[in-house]
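Enquirer: Here you go, one structure.
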Amino acid sequence: VQLQASGGGLVQAGGSLRLSCAASGVTFRGYHMGWFRQAPGIEREFVAGIQRSAGITYYADSVKGRFTVSRDLAKNTAYLQMDMLKSEDTAVYYCAVSRTATYSGYYGDTKVYNYWGQGTLVTVSS
């Protein structure tokens with residue numbers, strides 16, 4: 001299983017970036033998908049997730065209205081569109097997948113995710 005996150009970079013506050021997560025060895029039809037981030041000295045935190053079957057999306061309050069998670073099942077790739085970026089969004093962003101039977105209510109728990117990508121750095125300058 002491999003999850004390849006990409007698309008990170010340096011952007012000014014108020015700008016946009018789109019992260020991608022390309023999967024091999026698993027499919028987003030069979031796995032829930034989540035985006036997490038980790039800033040220096042801070043625990044890894046949930047950002048956004050998408051349920052495998054119905055495609056229901058979930059967001060952390062801090063990104064709601066600014067970030068959008070989506071997936072392309074044909075390409076087996078997930079995306080995180082990040083708009084109106086703030087300096088506090090600076091972090092390494094990780095994608096992960098989960099086979100948990102119940103995703104709703106558990107999507108923010110790192111322990112329910114089975115596989116993780118390597119992370120991509122997003123730096124937002126103020």
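The way I read the labels, and the way they are meant: chains A, B, ... in the order of the structure tokens, residue 1 as the first residue of every chain, and ligand 1 as the first ligand shown, with later ones counted on from there.
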Skip Lys64 (chain A) itself and residues of its chain fewer than 6 positions away, then list as a PyMOL selection string all residues within 12 Å of it, counting only C-alpha atoms.
Expert: chain A and resi 46-49+57-58+81-85
Enquirer: Need to verify the contact set: Ala91 (chain A), 12 Å, only C-alpha atoms, exclusion of same-chain residues closer than 5 positions in sequence. Can you return it as a PyMOL selection string?
Expert: chain A and resi 8-10+35-47+85-86+119-125
Enquirer: Go ahead and write the residues just picked, C-alpha atoms, as a CSV table (one decimal), in the first residue's frame.
Expert:
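Heads up, here's the output in again_6.csv:
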```csv
chain,number,residue,atom,x,y,z
A,8,GLY,CA,2.5,21.4,-0.8
A,9,GLY,CA,4.5,24.5,-1.0
A,10,LEU,CA,4.9,28.1,0.0
A,35,TRP,CA,-6.4,14.5,5.7
A,36,PHE,CA,-4.4,15.3,8.9
A,37,ARG,CA,-1.8,17.9,9.6
A,38,GLN,CA,1.0,18.4,12.1
A,39,ALA,CA,2.8,21.6,13.0
A,40,PRO,CA,6.0,21.6,15.0
A,41,GLY,CA,5.4,20.8,18.7
A,42,ILE,CA,1.7,20.1,18.1
A,43,GLU,CA,-0.1,16.7,17.9
A,44,ARG,CA,-1.3,15.5,14.6
A,45,GLU,CA,-4.8,16.9,14.0
A,46,PHE,CA,-7.7,16.0,11.8
A,47,VAL,CA,-8.4,18.3,8.9
A,85,LEU,CA,-5.1,30.0,3.8
A,86,LYS,CA,-3.9,31.4,7.1
A,119,GLY,CA,3.3,14.1,4.2
A,120,THR,CA,3.7,17.3,2.2
A,121,LEU,CA,4.7,20.6,3.7
A,122,VAL,CA,2.5,23.6,3.5
A,123,THR,CA,3.9,26.9,4.5
A,124,VAL,CA,1.7,30.0,4.6
A,125,SER,CA,3.5,33.3,4.9
```
Enquirer: By how many Å are CA of Ser53 (chain A) and CA of Arg18 (chain A) apart?
Expert: 23.2 Å
Enquirer: Assign secondary structure with DSSP using the backbone only, and return the residues of region 25-96 of chain A in strand (DSSP E) as number ranges by chain.
Expert: A: 32-38, 45-50, 57-59, 67-72, 77-82, 91-96
Enquirer: With distances taken over only C-alpha atoms, which residue among A:Thr77, A:Gln2, A:Gln12, A:Gln118 lies nearest Thr90 (chain A)?
Expert: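 Counting only C-alpha atoms, the residue closest to Thr90 (chain A) is A:Gln12.
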Enquirer: Rank A:Ser104, A:Ser126, A:Thr68, A:Gln51 by their smallest atom-to-atom distance to Ser87 (chain A), using only C-alpha atoms, and report the top residue only.
Expert: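 Smallest separation from Ser87 (chain A) among the options: A:Ser126.
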